[in-house]
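Notes follow the structure.
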Amino acid sequence: MFPVGDDNSPRQGFAFFTLALVVLNVLVFLYEATLDPQQLQEFVTTYGMIPAEIQRGDDLYTLITSMFVHGGWAHIIGNMLFLWVFGDNIEHRLGPLLFLLFYIGTGLAASAAHIYTNQGSTIPSVGASGALSGVLGAYLVMYPTNRIRLLILRVGIVSVPALLFLGIWFIQQLISGVAALSVDTVQTTGIAFWAHIGGFVAGAVLAVPLRTATSDEARA
């Protein structure tokens with residue numbers, strides 16, 4: 001089940017920073033694809049976010065760089081598809097600069113949640129999904145009745161409210177995160193569930209005041 005489109009906000013136009021984030025992530029991944037296995041491991045270790053290092057105050061730059069590193073084709077394609085579908089409405093609502101700050105800020109909140117639930121871990125965490133989850137949380141608050149078009153294999157395209165799709169997505173992350181609290185979630189599943197949860201909650205909370213401070217009509 002993959003999102004392939006949604007209702008556009010009243011303000012139409014070019015979502016520059018959403019596209020720029022997609023392009024930057026793809027370019028970094030294409031560079032990763034040119035590396036041999038040893039070089040790739042060194043790249044991920046250097047630019048991925050390692051909880052134990054952050055707790056020591058080391059390599060703090062990885063809190064940002066890790067958002068642009070991905071672990072495989074499925075990882076990059078899935079994240080960029082979600083960002084492309086959901087990011088433009090939030091960028092239109094907030095404006096380009098505030099959207100970028102929002103994206104980075106919720107990504108940092110996601111990393112904080114991951115570090116808290118994986119203290120002492122030496123496994124690099126990579127991917128845009130923490131910041132992306134912040135965008136999803138904001139979308140749920142700002143556009144709960146928007147219709148999301150989903151591609152379901154063997155069924156085709158179906159349209160459902162954002163509240164339903166994103167609500168189910170978040171519940172899935174929460175159940176998986178709680179179930180995995182007693183283990184290293186990255187090592188056992190390859191998925192940082194609590195980064196998703198932390199980013200989503202941060203995005204939803206921030207979206208409440210931002211929703212009243214901004215409007216699609218005012219920016220049309």
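Residue names in the structure tokens use chain letters A, B, ... in the order shown, residue numbers from 1 in each chain, and ligand numbers from 1 in the order shown.
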
Exercise for review: Can you pull out every residue within 7 Å of stretch 53-68 of chain A, counting only C-alpha atoms, but drop anything in the same chain fewer than 4 positions away, and send it as a PyMOL selection string?
Suggested key: chain A and resi 25+28+47-49+108+111+125-128

Suppose we keep C-alpha atoms; can you now write the selection as a short mmCIF file (atom, residue, chain, number, x, y, z; two decimals), in the first residue's frame?
data_model
loop_
_atom_site.label_atom_id
_atom_site.label_comp_id
_atom_site.auth_asym_id
_atom_site.auth_seq_id
_atom_site.Cartn_x
_atom_site.Cartn_y
_atom_site.Cartn_z
CA ASN A 25 18.40 12.85 -0.72
CA VAL A 28 23.36 11.45 -1.77
CA TYR A 47 27.49 10.39 8.56
CA GLY A 48 24.93 8.20 10.32
CA MET A 49 23.73 9.16 13.79
CA LEU A 108 16.03 16.44 15.53
CA SER A 111 16.66 11.60 16.74
CA SER A 125 20.73 5.41 12.36
CA VAL A 126 20.09 6.87 8.91
CA GLY A 127 17.19 8.11 6.84
CA ALA A 128 14.74 10.95 6.35
#

I'd like the contact shell of stretch 136-140 of chain A - 8 Å cut-off, only C-alpha atoms, skipping same-chain residues fewer than 6 positions apart - returned as an mmCIF file with N, CA and C atoms, in the first residue's frame.
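Dumped to part.cif:
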data_model
loop_
_atom_site.group_PDB
_atom_site.id
_atom_site.type_symbol
_atom_site.label_atom_id
_atom_site.label_comp_id
_atom_site.auth_asym_id
_atom_site.auth_seq_id
_atom_site.Cartn_x
_atom_site.Cartn_y
_atom_site.Cartn_z
ATOM 1 N N PHE A 86 3.222 14.295 0.651
ATOM 2 C CA PHE A 86 2.713 15.051 1.790
ATOM 3 C C PHE A 86 3.433 16.383 2.034
ATOM 4 N N ASN A 89 1.917 20.281 0.563
ATOM 5 C CA ASN A 89 0.858 20.992 1.275
ATOM 6 C C ASN A 89 1.379 21.690 2.521
ATOM 7 N N ILE A 90 2.284 21.023 3.243
ATOM 8 C CA ILE A 90 2.831 21.632 4.450
ATOM 9 C C ILE A 90 3.737 22.807 4.081
ATOM 10 N N ALA A 162 -7.130 11.371 5.091
ATOM 11 C CA ALA A 162 -5.807 11.405 5.709
ATOM 12 C C ALA A 162 -5.864 10.941 7.152
ATOM 13 N N LEU A 163 -6.940 11.285 7.861
ATOM 14 C CA LEU A 163 -7.076 10.884 9.265
ATOM 15 C C LEU A 163 -7.018 9.373 9.403
ATOM 16 N N LEU A 166 -3.175 8.087 7.995
ATOM 17 C CA LEU A 166 -2.081 8.477 8.878
ATOM 18 C C LEU A 166 -2.325 8.004 10.307
ATOM 19 N N GLY A 167 -3.586 7.935 10.711
ATOM 20 C CA GLY A 167 -3.894 7.401 12.039
ATOM 21 C C GLY A 167 -3.480 5.945 12.158
ATOM 22 N N GLY A 199 9.171 11.933 15.793
ATOM 23 C CA GLY A 199 8.986 12.925 14.743
ATOM 24 C C GLY A 199 7.528 13.247 14.508
ATOM 25 N N PHE A 200 6.686 12.221 14.489
ATOM 26 C CA PHE A 200 5.255 12.413 14.242
ATOM 27 C C PHE A 200 4.616 13.251 15.347
ATOM 28 N N VAL A 201 4.913 12.903 16.601
ATOM 29 C CA VAL A 201 4.338 13.637 17.728
ATOM 30 C C VAL A 201 4.810 15.091 17.710
ATOM 31 N N ALA A 202 6.109 15.302 17.457
ATOM 32 C CA ALA A 202 6.636 16.669 17.393
ATOM 33 C C ALA A 202 5.948 17.458 16.289
ATOM 34 N N GLY A 203 5.765 16.834 15.128
ATOM 35 C CA GLY A 203 5.108 17.521 14.019
ATOM 36 C C GLY A 203 3.670 17.868 14.324
ATOM 37 N N ALA A 204 2.951 16.932 14.962
ATOM 38 C CA ALA A 204 1.552 17.181 15.295
ATOM 39 C C ALA A 204 1.417 18.285 16.341
ATOM 40 N N VAL A 205 2.291 18.260 17.351
ATOM 41 C CA VAL A 205 2.231 19.276 18.410
ATOM 42 C C VAL A 205 2.550 20.660 17.854
ATOM 43 N N LEU A 206 3.602 20.756 17.051
ATOM 44 C CA LEU A 206 3.971 22.043 16.464
ATOM 45 C C LEU A 206 2.904 22.549 15.498
ATOM 46 N N ALA A 207 2.203 21.628 14.855
ATOM 47 C CA ALA A 207 1.203 22.022 13.863
ATOM 48 C C ALA A 207 -0.006 22.698 14.486
#

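With only C-alpha atoms as the atoms that count, the minimum distance from A:Ile77 to the choices A:Ile148, A:Leu30, A:Ala109, A:Ala52 is reached by A:Leu30.
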
Review point. To one decimal place, how far is atom CA of A:Phe82 from atom CA of A:Met142 in Å?
Key: 16.4 Å

**Study point:** Test item, helix (DSSP H, G or I) assignment across stretch 8-180 of chain A, answer as a PyMOL selection string
**Key:** chain A and resi 16-33+37-47+51-55+62-68+73-94+96-117+129-142+162-179

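Here the question is which of A:Arg211, A:Arg147, A:His75, A:His196 gets nearest to A:Arg93 using only C-alpha atoms, and that residue is A:Arg211.
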
Check your understanding: Could you name the residues that touch A:Gly107 at 6 Å or less, counting only C-alpha atoms, but leaving out those on the same chain fewer than 3 positions away, as a VMD selection string?
Key -> chain A and resid 104 110 130 to 131
